[in-house]
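Shown below: work-v2.cif, with mmCIF, N, CA and C atoms.
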```cif
data_query
loop_
_atom_site.group_PDB
_atom_site.id
_atom_site.type_symbol
_atom_site.label_atom_id
_atom_site.label_comp_id
_atom_site.auth_asym_id
_atom_site.auth_seq_id
_atom_site.Cartn_x
_atom_site.Cartn_y
_atom_site.Cartn_z
ATOM 1 N N MET A 1 142.443 -121.544 143.671
ATOM 2 C CA MET A 1 142.510 -120.171 143.181
ATOM 3 C C MET A 1 143.482 -120.037 142.005
ATOM 4 N N ILE A 2 144.527 -120.829 141.987
ATOM 5 C CA ILE A 2 145.495 -120.746 140.892
ATOM 6 C C ILE A 2 144.856 -121.120 139.571
ATOM 7 N N ILE A 3 144.036 -122.168 139.570
ATOM 8 C CA ILE A 3 143.389 -122.616 138.332
ATOM 9 C C ILE A 3 142.444 -121.545 137.790
ATOM 10 N N GLU A 4 141.732 -120.875 138.678
ATOM 11 C CA GLU A 4 140.833 -119.806 138.243
ATOM 12 C C GLU A 4 141.607 -118.686 137.556
ATOM 13 N N LYS A 5 142.730 -118.317 138.126
ATOM 14 C CA LYS A 5 143.545 -117.258 137.519
ATOM 15 C C LYS A 5 144.019 -117.656 136.134
ATOM 16 N N LYS A 6 144.426 -118.914 135.966
ATOM 17 C CA LYS A 6 144.863 -119.396 134.649
ATOM 18 C C LYS A 6 143.724 -119.305 133.642
ATOM 19 N N ILE A 7 142.549 -119.732 134.073
ATOM 20 C CA ILE A 7 141.389 -119.713 133.187
ATOM 21 C C ILE A 7 141.027 -118.277 132.811
ATOM 22 N N TYR A 8 140.956 -117.397 133.801
ATOM 23 C CA TYR A 8 140.592 -115.999 133.527
ATOM 24 C C TYR A 8 141.630 -115.316 132.636
ATOM 25 N N LYS A 9 142.889 -115.591 132.870
ATOM 26 C CA LYS A 9 143.957 -114.989 132.056
ATOM 27 C C LYS A 9 143.812 -115.406 130.591
ATOM 28 N N LYS A 10 143.538 -116.669 130.366
ATOM 29 C CA LYS A 10 143.335 -117.151 128.992
ATOM 30 C C LYS A 10 142.082 -116.527 128.386
ATOM 31 N N LEU A 11 141.020 -116.494 129.160
ATOM 32 C CA LEU A 11 139.755 -115.984 128.647
ATOM 33 C C LEU A 11 139.852 -114.509 128.248
ATOM 34 N N LEU A 12 140.700 -113.768 128.927
ATOM 35 C CA LEU A 12 140.895 -112.358 128.561
ATOM 36 C C LEU A 12 141.475 -112.186 127.157
ATOM 37 N N GLN A 13 142.018 -113.256 126.591
ATOM 38 C CA GLN A 13 142.600 -113.207 125.242
ATOM 39 C C GLN A 13 141.540 -113.326 124.150
ATOM 40 N N VAL A 14 140.348 -113.775 124.495
ATOM 41 C CA VAL A 14 139.292 -113.955 123.496
ATOM 42 C C VAL A 14 138.701 -112.583 123.167
ATOM 43 N N PRO A 15 138.885 -112.132 121.927
ATOM 44 C CA PRO A 15 138.410 -110.784 121.587
ATOM 45 C C PRO A 15 136.889 -110.706 121.440
ATOM 46 N N SER A 16 136.387 -109.509 121.551
ATOM 47 C CA SER A 16 134.973 -109.246 121.331
ATOM 48 C C SER A 16 134.587 -109.735 119.940
ATOM 49 N N GLY A 17 133.418 -110.350 119.841
ATOM 50 C CA GLY A 17 132.949 -110.836 118.554
ATOM 51 C C GLY A 17 133.450 -112.225 118.210
ATOM 52 N N ARG A 18 134.167 -112.844 119.110
ATOM 53 C CA ARG A 18 134.674 -114.206 118.908
ATOM 54 C C ARG A 18 134.232 -115.063 120.088
ATOM 55 N N ILE A 19 134.275 -116.370 119.895
ATOM 56 C CA ILE A 19 133.897 -117.306 120.958
ATOM 57 C C ILE A 19 134.962 -118.398 121.056
ATOM 58 N N THR A 20 135.003 -119.044 122.196
ATOM 59 C CA THR A 20 135.821 -120.239 122.376
ATOM 60 C C THR A 20 134.934 -121.267 123.064
ATOM 61 N N THR A 21 135.472 -122.454 123.268
ATOM 62 C CA THR A 21 134.677 -123.507 123.883
ATOM 63 C C THR A 21 135.244 -123.886 125.245
ATOM 64 N N TYR A 22 134.411 -124.553 126.018
ATOM 65 C CA TYR A 22 134.862 -125.063 127.313
ATOM 66 C C TYR A 22 136.039 -126.007 127.105
ATOM 67 N N ALA A 23 135.967 -126.850 126.072
ATOM 68 C CA ALA A 23 137.038 -127.807 125.787
ATOM 69 C C ALA A 23 138.328 -127.101 125.379
ATOM 70 N N GLU A 24 138.230 -126.103 124.515
ATOM 71 C CA GLU A 24 139.424 -125.374 124.067
ATOM 72 C C GLU A 24 140.067 -124.632 125.229
ATOM 73 N N LEU A 25 139.275 -124.013 126.052
ATOM 74 C CA LEU A 25 139.795 -123.299 127.214
ATOM 75 C C LEU A 25 140.473 -124.272 128.174
ATOM 76 N N SER A 26 139.862 -125.420 128.348
ATOM 77 C CA SER A 26 140.437 -126.454 129.209
ATOM 78 C C SER A 26 141.793 -126.921 128.670
ATOM 79 N N ARG A 27 141.845 -127.214 127.383
ATOM 80 C CA ARG A 27 143.114 -127.655 126.761
ATOM 81 C C ARG A 27 144.189 -126.573 126.874
ATOM 82 N N SER A 28 143.771 -125.324 126.742
ATOM 83 C CA SER A 28 144.750 -124.225 126.741
ATOM 84 C C SER A 28 145.486 -124.071 128.068
ATOM 85 N N ILE A 29 144.892 -124.580 129.139
ATOM 86 C CA ILE A 29 145.560 -124.502 130.445
ATOM 87 C C ILE A 29 146.101 -125.867 130.881
ATOM 88 N N GLY A 30 146.091 -126.829 129.948
ATOM 89 C CA GLY A 30 146.693 -128.128 130.224
ATOM 90 C C GLY A 30 145.797 -129.136 130.909
ATOM 91 N N LEU A 31 144.496 -128.930 130.869
ATOM 92 C CA LEU A 31 143.548 -129.878 131.465
ATOM 93 C C LEU A 31 142.838 -130.650 130.367
ATOM 94 N N GLU A 32 143.048 -131.942 130.305
ATOM 95 C CA GLU A 32 142.287 -132.765 129.373
ATOM 96 C C GLU A 32 140.948 -133.080 130.022
ATOM 97 N N HIS A 33 139.888 -132.930 129.280
ATOM 98 C CA HIS A 33 138.537 -133.243 129.754
ATOM 99 C C HIS A 33 138.141 -132.412 130.979
ATOM 100 N N GLY A 34 138.545 -131.156 131.009
ATOM 101 C CA GLY A 34 138.229 -130.286 132.138
ATOM 102 C C GLY A 34 137.077 -129.338 131.872
ATOM 103 N N GLN A 35 136.218 -129.687 130.908
ATOM 104 C CA GLN A 35 135.130 -128.798 130.531
ATOM 105 C C GLN A 35 134.197 -128.480 131.691
ATOM 106 N N ARG A 36 133.894 -129.450 132.504
ATOM 107 C CA ARG A 36 132.989 -129.195 133.633
ATOM 108 C C ARG A 36 133.629 -128.254 134.649
ATOM 109 N N LEU A 37 134.924 -128.418 134.859
ATOM 110 C CA LEU A 37 135.629 -127.506 135.760
ATOM 111 C C LEU A 37 135.581 -126.085 135.218
ATOM 112 N N ILE A 38 135.788 -125.939 133.922
ATOM 113 C CA ILE A 38 135.713 -124.612 133.300
ATOM 114 C C ILE A 38 134.328 -124.014 133.556
ATOM 115 N N GLY A 39 133.294 -124.807 133.359
ATOM 116 C CA GLY A 39 131.931 -124.330 133.600
ATOM 117 C C GLY A 39 131.712 -123.888 135.036
ATOM 118 N N GLN A 40 132.249 -124.641 135.970
ATOM 119 C CA GLN A 40 132.096 -124.279 137.388
ATOM 120 C C GLN A 40 132.832 -122.978 137.712
ATOM 121 N N VAL A 41 134.008 -122.811 137.144
ATOM 122 C CA VAL A 41 134.775 -121.578 137.363
ATOM 123 C C VAL A 41 134.040 -120.393 136.744
ATOM 124 N N MET A 42 133.503 -120.570 135.539
ATOM 125 C CA MET A 42 132.775 -119.487 134.880
ATOM 126 C C MET A 42 131.536 -119.108 135.691
ATOM 127 N N LYS A 43 130.886 -120.091 136.282
ATOM 128 C CA LYS A 43 129.681 -119.840 137.083
ATOM 129 C C LYS A 43 129.983 -118.952 138.289
ATOM 130 N N LYS A 44 131.211 -119.023 138.802
ATOM 131 C CA LYS A 44 131.613 -118.258 139.983
ATOM 132 C C LYS A 44 132.377 -116.984 139.636
ATOM 133 N N ASN A 45 132.435 -116.635 138.362
ATOM 134 C CA ASN A 45 133.180 -115.460 137.911
ATOM 135 C C ASN A 45 132.668 -114.207 138.623
ATOM 136 N N LEU A 46 133.527 -113.606 139.422
ATOM 137 C CA LEU A 46 133.157 -112.396 140.157
ATOM 138 C C LEU A 46 133.317 -111.124 139.331
ATOM 139 N N PHE A 47 133.910 -111.254 138.158
ATOM 140 C CA PHE A 47 134.201 -110.082 137.325
ATOM 141 C C PHE A 47 133.673 -110.272 135.898
ATOM 142 N N PRO A 48 132.373 -110.565 135.713
ATOM 143 C CA PRO A 48 131.866 -110.872 134.370
ATOM 144 C C PRO A 48 131.981 -109.727 133.369
ATOM 145 N N VAL A 49 132.061 -108.507 133.847
ATOM 146 C CA VAL A 49 132.230 -107.379 132.923
ATOM 147 C C VAL A 49 133.666 -107.351 132.392
ATOM 148 N N ILE A 50 134.617 -107.763 133.207
ATOM 149 C CA ILE A 50 136.029 -107.765 132.816
ATOM 150 C C ILE A 50 136.421 -109.087 132.169
ATOM 151 N N VAL A 51 136.071 -110.191 132.809
ATOM 152 C CA VAL A 51 136.408 -111.525 132.298
ATOM 153 C C VAL A 51 135.193 -112.045 131.520
ATOM 154 N N PRO A 52 135.296 -112.075 130.189
ATOM 155 C CA PRO A 52 134.129 -112.327 129.341
ATOM 156 C C PRO A 52 133.717 -113.797 129.248
ATOM 157 N N CYS A 53 133.202 -114.338 130.328
ATOM 158 C CA CYS A 53 132.812 -115.747 130.343
ATOM 159 C C CYS A 53 131.644 -116.027 129.397
ATOM 160 N N HIS A 54 130.926 -114.993 128.978
ATOM 161 C CA HIS A 54 129.831 -115.197 128.029
ATOM 162 C C HIS A 54 130.345 -115.648 126.667
ATOM 163 N N ARG A 55 131.634 -115.536 126.415
ATOM 164 C CA ARG A 55 132.220 -115.952 125.137
ATOM 165 C C ARG A 55 132.610 -117.429 125.103
ATOM 166 N N VAL A 56 132.301 -118.150 126.169
ATOM 167 C CA VAL A 56 132.597 -119.584 126.216
ATOM 168 C C VAL A 56 131.315 -120.342 125.901
ATOM 169 N N VAL A 57 131.377 -121.186 124.870
ATOM 170 C CA VAL A 57 130.217 -121.947 124.417
ATOM 171 C C VAL A 57 130.575 -123.428 124.314
ATOM 172 N N ARG A 58 129.599 -124.239 124.019
ATOM 173 C CA ARG A 58 129.825 -125.679 123.866
ATOM 174 C C ARG A 58 130.472 -125.973 122.518
ATOM 175 N N SER A 59 131.144 -127.096 122.451
ATOM 176 C CA SER A 59 131.870 -127.485 121.234
ATOM 177 C C SER A 59 130.967 -127.711 120.032
ATOM 178 N N ASN A 60 129.697 -127.968 120.257
ATOM 179 C CA ASN A 60 128.775 -128.168 119.142
ATOM 180 C C ASN A 60 128.147 -126.858 118.665
ATOM 181 N N GLY A 61 128.589 -125.730 119.218
ATOM 182 C CA GLY A 61 128.071 -124.425 118.825
ATOM 183 C C GLY A 61 126.897 -123.947 119.668
ATOM 184 N N ASP A 62 126.394 -124.809 120.546
ATOM 185 C CA ASP A 62 125.310 -124.416 121.443
ATOM 186 C C ASP A 62 125.845 -123.377 122.427
ATOM 187 N N ILE A 63 125.044 -122.383 122.753
ATOM 188 C CA ILE A 63 125.569 -121.323 123.617
ATOM 189 C C ILE A 63 125.818 -121.770 125.046
ATOM 190 N N GLY A 64 125.183 -122.846 125.489
ATOM 191 C CA GLY A 64 125.411 -123.332 126.851
ATOM 192 C C GLY A 64 124.740 -122.435 127.876
ATOM 193 N N GLY A 65 125.117 -122.612 129.111
ATOM 194 C CA GLY A 65 124.503 -121.863 130.194
ATOM 195 C C GLY A 65 125.236 -120.569 130.506
ATOM 196 N N TYR A 66 124.682 -119.862 131.462
ATOM 197 C CA TYR A 66 125.285 -118.609 131.911
ATOM 198 C C TYR A 66 124.729 -118.301 133.295
ATOM 199 N N ALA A 67 125.589 -117.914 134.197
ATOM 200 C CA ALA A 67 125.188 -117.668 135.588
ATOM 201 C C ALA A 67 124.071 -116.633 135.705
ATOM 202 N N PHE A 68 124.022 -115.693 134.793
ATOM 203 C CA PHE A 68 123.021 -114.626 134.849
ATOM 204 C C PHE A 68 121.840 -114.882 133.919
ATOM 205 N N GLY A 69 121.791 -116.070 133.342
ATOM 206 C CA GLY A 69 120.692 -116.454 132.464
ATOM 207 C C GLY A 69 121.089 -116.484 131.002
ATOM 208 N N VAL A 70 120.524 -117.437 130.300
ATOM 209 C CA VAL A 70 120.852 -117.642 128.888
ATOM 210 C C VAL A 70 120.471 -116.430 128.038
ATOM 211 N N ASN A 71 119.358 -115.788 128.362
ATOM 212 C CA ASN A 71 118.936 -114.630 127.557
ATOM 213 C C ASN A 71 119.939 -113.487 127.663
ATOM 214 N N ILE A 72 120.527 -113.299 128.816
ATOM 215 C CA ILE A 72 121.544 -112.254 128.975
ATOM 216 C C ILE A 72 122.785 -112.623 128.166
ATOM 217 N N LYS A 73 123.182 -113.896 128.202
ATOM 218 C CA LYS A 73 124.339 -114.348 127.424
ATOM 219 C C LYS A 73 124.088 -114.113 125.928
ATOM 220 N N LYS A 74 122.904 -114.492 125.458
ATOM 221 C CA LYS A 74 122.574 -114.289 124.042
ATOM 222 C C LYS A 74 122.609 -112.808 123.690
ATOM 223 N N ASN A 75 122.093 -111.965 124.563
ATOM 224 C CA ASN A 75 122.085 -110.521 124.325
ATOM 225 C C ASN A 75 123.517 -109.978 124.241
ATOM 226 N N MET A 76 124.366 -110.425 125.159
ATOM 227 C CA MET A 76 125.754 -109.946 125.164
ATOM 228 C C MET A 76 126.482 -110.386 123.894
ATOM 229 N N LEU A 77 126.294 -111.641 123.499
ATOM 230 C CA LEU A 77 126.931 -112.127 122.278
ATOM 231 C C LEU A 77 126.392 -111.383 121.053
ATOM 232 N N SER A 78 125.098 -111.149 121.017
ATOM 233 C CA SER A 78 124.498 -110.424 119.892
ATOM 234 C C SER A 78 125.041 -109.011 119.778
ATOM 235 N N LYS A 79 125.243 -108.348 120.906
ATOM 236 C CA LYS A 79 125.805 -106.992 120.895
ATOM 237 C C LYS A 79 127.226 -106.975 120.345
ATOM 238 N N GLU A 80 127.907 -108.130 120.405
ATOM 239 C CA GLU A 80 129.259 -108.236 119.854
ATOM 240 C C GLU A 80 129.238 -108.666 118.388
ATOM 241 N N GLY A 81 128.038 -108.765 117.809
ATOM 242 C CA GLY A 81 127.906 -109.106 116.398
ATOM 243 C C GLY A 81 127.798 -110.593 116.116
ATOM 244 N N ILE A 82 127.608 -111.393 117.140
ATOM 245 C CA ILE A 82 127.500 -112.838 116.969
ATOM 246 C C ILE A 82 126.022 -113.196 116.777
ATOM 247 N N CYS A 83 125.734 -113.882 115.684
ATOM 248 C CA CYS A 83 124.365 -114.290 115.388
ATOM 249 C C CYS A 83 124.086 -115.647 116.021
ATOM 250 N N ILE A 84 122.915 -115.747 116.610
ATOM 251 C CA ILE A 84 122.487 -116.967 117.296
ATOM 252 C C ILE A 84 121.128 -117.370 116.735
ATOM 253 N N LYS A 85 121.028 -118.643 116.387
ATOM 254 C CA LYS A 85 119.757 -119.171 115.891
ATOM 255 C C LYS A 85 119.504 -120.497 116.591
ATOM 256 N N ASN A 86 118.336 -120.632 117.203
ATOM 257 C CA ASN A 86 117.986 -121.846 117.953
ATOM 258 C C ASN A 86 119.049 -122.197 118.990
ATOM 259 N N ASN A 87 119.528 -121.174 119.691
ATOM 260 C CA ASN A 87 120.546 -121.308 120.749
ATOM 261 C C ASN A 87 121.892 -121.827 120.260
ATOM 262 N N LYS A 88 122.167 -121.708 118.970
ATOM 263 C CA LYS A 88 123.455 -122.105 118.412
ATOM 264 C C LYS A 88 124.108 -120.913 117.735
ATOM 265 N N ILE A 89 125.434 -120.883 117.819
ATOM 266 C CA ILE A 89 126.214 -119.829 117.180
ATOM 267 C C ILE A 89 126.226 -120.069 115.678
ATOM 268 N N GLU A 90 125.775 -119.098 114.918
ATOM 269 C CA GLU A 90 125.874 -119.195 113.464
ATOM 270 C C GLU A 90 127.291 -118.830 113.042
ATOM 271 N N ASN A 91 127.785 -119.500 112.028
ATOM 272 C CA ASN A 91 129.146 -119.240 111.530
ATOM 273 C C ASN A 91 130.190 -119.583 112.601
ATOM 274 N N PHE A 92 129.887 -120.610 113.382
ATOM 275 C CA PHE A 92 130.711 -121.028 114.519
ATOM 276 C C PHE A 92 132.190 -121.167 114.156
ATOM 277 N N GLU A 93 132.484 -121.864 113.058
ATOM 278 C CA GLU A 93 133.880 -122.137 112.692
ATOM 279 C C GLU A 93 134.682 -120.864 112.458
ATOM 280 N N ASN A 94 134.061 -119.864 111.874
ATOM 281 C CA ASN A 94 134.772 -118.610 111.586
ATOM 282 C C ASN A 94 134.908 -117.705 112.800
ATOM 283 N N LEU A 95 134.078 -117.905 113.799
ATOM 284 C CA LEU A 95 134.133 -117.084 115.013
ATOM 285 C C LEU A 95 134.948 -117.733 116.111
ATOM 286 N N PHE A 96 135.285 -119.009 115.935
ATOM 287 C CA PHE A 96 135.987 -119.779 116.948
ATOM 288 C C PHE A 96 137.397 -119.232 117.192
ATOM 289 N N PHE A 97 137.717 -118.986 118.452
ATOM 290 C CA PHE A 97 139.050 -118.512 118.849
ATOM 291 C C PHE A 97 139.819 -119.673 119.457
ATOM 292 N N LYS A 98 140.937 -120.014 118.823
ATOM 293 C CA LYS A 98 141.793 -121.090 119.323
ATOM 294 C C LYS A 98 143.047 -120.474 119.935
ATOM 295 N N PHE A 99 143.396 -120.941 121.112
ATOM 296 C CA PHE A 99 144.570 -120.419 121.812
ATOM 297 C C PHE A 99 145.846 -120.984 121.218
#
```
Could the structure of this file be written out as C-alpha cells, please?
Amino acid sequence: MIIEKKIYKKLLQVPSGRITTYAELSRSIGLEHGQRLIGQVMKKNLFPVIVPCHRVVRSNGDIGGYAFGVNIKKNMLSKEGICIKNNKIENFENLFFKF
C-alpha cells in the first residue's frame, strides 16, 4: 500500500494536457526498471477521476493500455488537448512531464 501512495502522489503532479511515462514515474519514486509495477498499480487505481492514470504512457510515445479500455484513455487525453495518431502521442517531447 505504501508504494501505491507514492505512485499516486507523484501522478497527481502531472498537469492536465501533459503526459509522463511508466519509466519516469518509476524513477521518480526510486524504482529502477519498475515500469511493470507502475502498470499494475495503475490497473488497480480506485480513484481514476482523481488520480489521472490515463496520463501515463509508454516511453516510445505509444499510449499503452488502460483498465477501462484504450478508447476511453484516448478520449480522455484528447479532451485535455493531446493529439494522438496511430495510438501514439503527437508532440510527445513537448508534452512530456518530468518529475
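Atom pair atom C of Lys10 of chain A / atom N of Arg27 of chain A: separated by 10.7 Å.
Each of A:Ile50, A:Tyr8, A:Ile89, A:Met76 was compared to Asp62 of chain A using only N, CA and C atoms, and A:Ile89 turns out to be the nearest.
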Requested in this report: May I ask for the distance between atom C of Glu80 of chain A and atom N of Gly17 of chain A, given in Å to one decimal place?
Outcome: 4.7 Å
Please identify all polymer residues within 8 Å of Leu12 of chain A, counting all atoms listed in the file, omitting same-chain residues fewer than 6 positions from it, and present them as an mmCIF file with N, CA and C atoms, keeping the file's coordinate frame.
```cif
data_model
loop_
_atom_site.group_PDB
_atom_site.id
_atom_site.type_symbol
_atom_site.label_atom_id
_atom_site.label_comp_id
_atom_site.auth_asym_id
_atom_site.auth_seq_id
_atom_site.Cartn_x
_atom_site.Cartn_y
_atom_site.Cartn_z
ATOM 1 N N LYS A 6 144.426 -118.914 135.966
ATOM 2 C CA LYS A 6 144.863 -119.396 134.649
ATOM 3 C C LYS A 6 143.724 -119.305 133.642
ATOM 4 N N ILE A 50 134.617 -107.763 133.207
ATOM 5 C CA ILE A 50 136.029 -107.765 132.816
ATOM 6 C C ILE A 50 136.421 -109.087 132.169
ATOM 7 N N VAL A 51 136.071 -110.191 132.809
ATOM 8 C CA VAL A 51 136.408 -111.525 132.298
ATOM 9 C C VAL A 51 135.193 -112.045 131.520
ATOM 10 N N PRO A 52 135.296 -112.075 130.189
ATOM 11 C CA PRO A 52 134.129 -112.327 129.341
ATOM 12 C C PRO A 52 133.717 -113.797 129.248
ATOM 13 N N CYS A 53 133.202 -114.338 130.328
ATOM 14 C CA CYS A 53 132.812 -115.747 130.343
ATOM 15 C C CYS A 53 131.644 -116.027 129.397
#
```
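Here the question is which of A:Cys83, A:Ile19, A:Ile7, A:Ile72 gets nearest to Met42 of chain A using only C-alpha atoms, and that residue is A:Ile7.
On the file presented, the PyMOL selection byres (((chain A and resi 39 and name CA) around 10) and name CA) picks out A:Tyr22, A:Ala23, A:Ser26, A:Gly34, A:Gln35, A:Arg36, A:Leu37, A:Ile38, A:Gln40, A:Val41, A:Met42, A:Lys43, A:Lys44, A:Asn45, A:Cys53, A:Val56, A:Val57, A:Gly64, A:Gly65, A:Tyr66, A:Ala67.
For the structure in this document, the set picked by the PyMOL selection byres (((chain A and resi 82 and name CA) around 12) and name CA) is Ser16, Gly17, Arg18, Ile19, His54, Arg55, Gly61, Ile63, Lys73, Lys74, Asn75, Met76, Leu77, Ser78, Lys79, Glu80, Gly81, Cys83, Ile84, Lys85, Asn87, Lys88, Ile89, Glu90, Asn91, Phe92, Asn94, Leu95 and Phe96 of chain A.
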Residues of the last selection are to be written out with N, CA and C atoms, as an mmCIF file, keeping the file's coordinate frame.
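Generated file (out_19.cif):
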```cif
data_model
loop_
_atom_site.group_PDB
_atom_site.id
_atom_site.type_symbol
_atom_site.label_atom_id
_atom_site.label_comp_id
_atom_site.auth_asym_id
_atom_site.auth_seq_id
_atom_site.Cartn_x
_atom_site.Cartn_y
_atom_site.Cartn_z
ATOM 1 N N SER A 16 136.387 -109.509 121.551
ATOM 2 C CA SER A 16 134.973 -109.246 121.331
ATOM 3 C C SER A 16 134.587 -109.735 119.940
ATOM 4 N N GLY A 17 133.418 -110.350 119.841
ATOM 5 C CA GLY A 17 132.949 -110.836 118.554
ATOM 6 C C GLY A 17 133.450 -112.225 118.210
ATOM 7 N N ARG A 18 134.167 -112.844 119.110
ATOM 8 C CA ARG A 18 134.674 -114.206 118.908
ATOM 9 C C ARG A 18 134.232 -115.063 120.088
ATOM 10 N N ILE A 19 134.275 -116.370 119.895
ATOM 11 C CA ILE A 19 133.897 -117.306 120.958
ATOM 12 C C ILE A 19 134.962 -118.398 121.056
ATOM 13 N N HIS A 54 130.926 -114.993 128.978
ATOM 14 C CA HIS A 54 129.831 -115.197 128.029
ATOM 15 C C HIS A 54 130.345 -115.648 126.667
ATOM 16 N N ARG A 55 131.634 -115.536 126.415
ATOM 17 C CA ARG A 55 132.220 -115.952 125.137
ATOM 18 C C ARG A 55 132.610 -117.429 125.103
ATOM 19 N N GLY A 61 128.589 -125.730 119.218
ATOM 20 C CA GLY A 61 128.071 -124.425 118.825
ATOM 21 C C GLY A 61 126.897 -123.947 119.668
ATOM 22 N N ILE A 63 125.044 -122.383 122.753
ATOM 23 C CA ILE A 63 125.569 -121.323 123.617
ATOM 24 C C ILE A 63 125.818 -121.770 125.046
ATOM 25 N N LYS A 73 123.182 -113.896 128.202
ATOM 26 C CA LYS A 73 124.339 -114.348 127.424
ATOM 27 C C LYS A 73 124.088 -114.113 125.928
ATOM 28 N N LYS A 74 122.904 -114.492 125.458
ATOM 29 C CA LYS A 74 122.574 -114.289 124.042
ATOM 30 C C LYS A 74 122.609 -112.808 123.690
ATOM 31 N N ASN A 75 122.093 -111.965 124.563
ATOM 32 C CA ASN A 75 122.085 -110.521 124.325
ATOM 33 C C ASN A 75 123.517 -109.978 124.241
ATOM 34 N N MET A 76 124.366 -110.425 125.159
ATOM 35 C CA MET A 76 125.754 -109.946 125.164
ATOM 36 C C MET A 76 126.482 -110.386 123.894
ATOM 37 N N LEU A 77 126.294 -111.641 123.499
ATOM 38 C CA LEU A 77 126.931 -112.127 122.278
ATOM 39 C C LEU A 77 126.392 -111.383 121.053
ATOM 40 N N SER A 78 125.098 -111.149 121.017
ATOM 41 C CA SER A 78 124.498 -110.424 119.892
ATOM 42 C C SER A 78 125.041 -109.011 119.778
ATOM 43 N N LYS A 79 125.243 -108.348 120.906
ATOM 44 C CA LYS A 79 125.805 -106.992 120.895
ATOM 45 C C LYS A 79 127.226 -106.975 120.345
ATOM 46 N N GLU A 80 127.907 -108.130 120.405
ATOM 47 C CA GLU A 80 129.259 -108.236 119.854
ATOM 48 C C GLU A 80 129.238 -108.666 118.388
ATOM 49 N N GLY A 81 128.038 -108.765 117.809
ATOM 50 C CA GLY A 81 127.906 -109.106 116.398
ATOM 51 C C GLY A 81 127.798 -110.593 116.116
ATOM 52 N N CYS A 83 125.734 -113.882 115.684
ATOM 53 C CA CYS A 83 124.365 -114.290 115.388
ATOM 54 C C CYS A 83 124.086 -115.647 116.021
ATOM 55 N N ILE A 84 122.915 -115.747 116.610
ATOM 56 C CA ILE A 84 122.487 -116.967 117.296
ATOM 57 C C ILE A 84 121.128 -117.370 116.735
ATOM 58 N N LYS A 85 121.028 -118.643 116.387
ATOM 59 C CA LYS A 85 119.757 -119.171 115.891
ATOM 60 C C LYS A 85 119.504 -120.497 116.591
ATOM 61 N N ASN A 87 119.528 -121.174 119.691
ATOM 62 C CA ASN A 87 120.546 -121.308 120.749
ATOM 63 C C ASN A 87 121.892 -121.827 120.260
ATOM 64 N N LYS A 88 122.167 -121.708 118.970
ATOM 65 C CA LYS A 88 123.455 -122.105 118.412
ATOM 66 C C LYS A 88 124.108 -120.913 117.735
ATOM 67 N N ILE A 89 125.434 -120.883 117.819
ATOM 68 C CA ILE A 89 126.214 -119.829 117.180
ATOM 69 C C ILE A 89 126.226 -120.069 115.678
ATOM 70 N N GLU A 90 125.775 -119.098 114.918
ATOM 71 C CA GLU A 90 125.874 -119.195 113.464
ATOM 72 C C GLU A 90 127.291 -118.830 113.042
ATOM 73 N N ASN A 91 127.785 -119.500 112.028
ATOM 74 C CA ASN A 91 129.146 -119.240 111.530
ATOM 75 C C ASN A 91 130.190 -119.583 112.601
ATOM 76 N N PHE A 92 129.887 -120.610 113.382
ATOM 77 C CA PHE A 92 130.711 -121.028 114.519
ATOM 78 C C PHE A 92 132.190 -121.167 114.156
ATOM 79 N N ASN A 94 134.061 -119.864 111.874
ATOM 80 C CA ASN A 94 134.772 -118.610 111.586
ATOM 81 C C ASN A 94 134.908 -117.705 112.800
ATOM 82 N N LEU A 95 134.078 -117.905 113.799
ATOM 83 C CA LEU A 95 134.133 -117.084 115.013
ATOM 84 C C LEU A 95 134.948 -117.733 116.111
ATOM 85 N N PHE A 96 135.285 -119.009 115.935
ATOM 86 C CA PHE A 96 135.987 -119.779 116.948
ATOM 87 C C PHE A 96 137.397 -119.232 117.192
#
```
Requested in this report: Compare A:Val14, A:His33, A:Thr20, A:Lys5 by their minimum atom-to-atom distance to Phe47 of chain A, counting only C-alpha atoms, and give me the closest one.
Outcome: A:Lys5
Report task. Please return as a PyMOL selection string: the residues of chain A that backbone DSSP assigns to helix (DSSP H, G or I). Result -> chain A and resi 2-11+22-28+35-43+53-55+70-79+92-95
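With atom N of Asn71 of chain A on one side and atom CA of Ser28 of chain A on the other, the separation reads 26.8 Å.
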How would segment 44-52 of chain A look written as a short mmCIF file (atom, residue, chain, number, x, y, z; two decimals), in the first residue's frame with N, CA and C atoms?
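Generated file (selection.cif):
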```cif
data_model
loop_
_atom_site.label_atom_id
_atom_site.label_comp_id
_atom_site.auth_asym_id
_atom_site.auth_seq_id
_atom_site.Cartn_x
_atom_site.Cartn_y
_atom_site.Cartn_z
N LYS A 44 -5.11 -1.01 -11.00
CA LYS A 44 -5.94 -1.16 -9.80
C LYS A 44 -6.37 0.18 -9.21
N ASN A 45 -6.12 1.27 -9.91
CA ASN A 45 -6.45 2.61 -9.42
C ASN A 45 -7.94 2.70 -9.10
N LEU A 46 -8.25 2.89 -7.84
CA LEU A 46 -9.65 3.00 -7.41
C LEU A 46 -10.21 4.41 -7.58
N PHE A 47 -9.35 5.36 -7.91
CA PHE A 47 -9.77 6.76 -8.00
C PHE A 47 -9.35 7.38 -9.34
N PRO A 48 -9.74 6.78 -10.48
CA PRO A 48 -9.26 7.28 -11.78
C PRO A 48 -9.68 8.70 -12.11
N VAL A 49 -10.75 9.18 -11.51
CA VAL A 49 -11.16 10.56 -11.76
C VAL A 49 -10.23 11.53 -11.02
N ILE A 50 -9.73 11.12 -9.87
CA ILE A 50 -8.84 11.96 -9.07
C ILE A 50 -7.38 11.73 -9.44
N VAL A 51 -6.97 10.47 -9.51
CA VAL A 51 -5.58 10.12 -9.84
C VAL A 51 -5.53 9.82 -11.34
N PRO A 52 -4.94 10.73 -12.12
CA PRO A 52 -5.03 10.66 -13.58
C PRO A 52 -4.10 9.64 -14.23
#
```
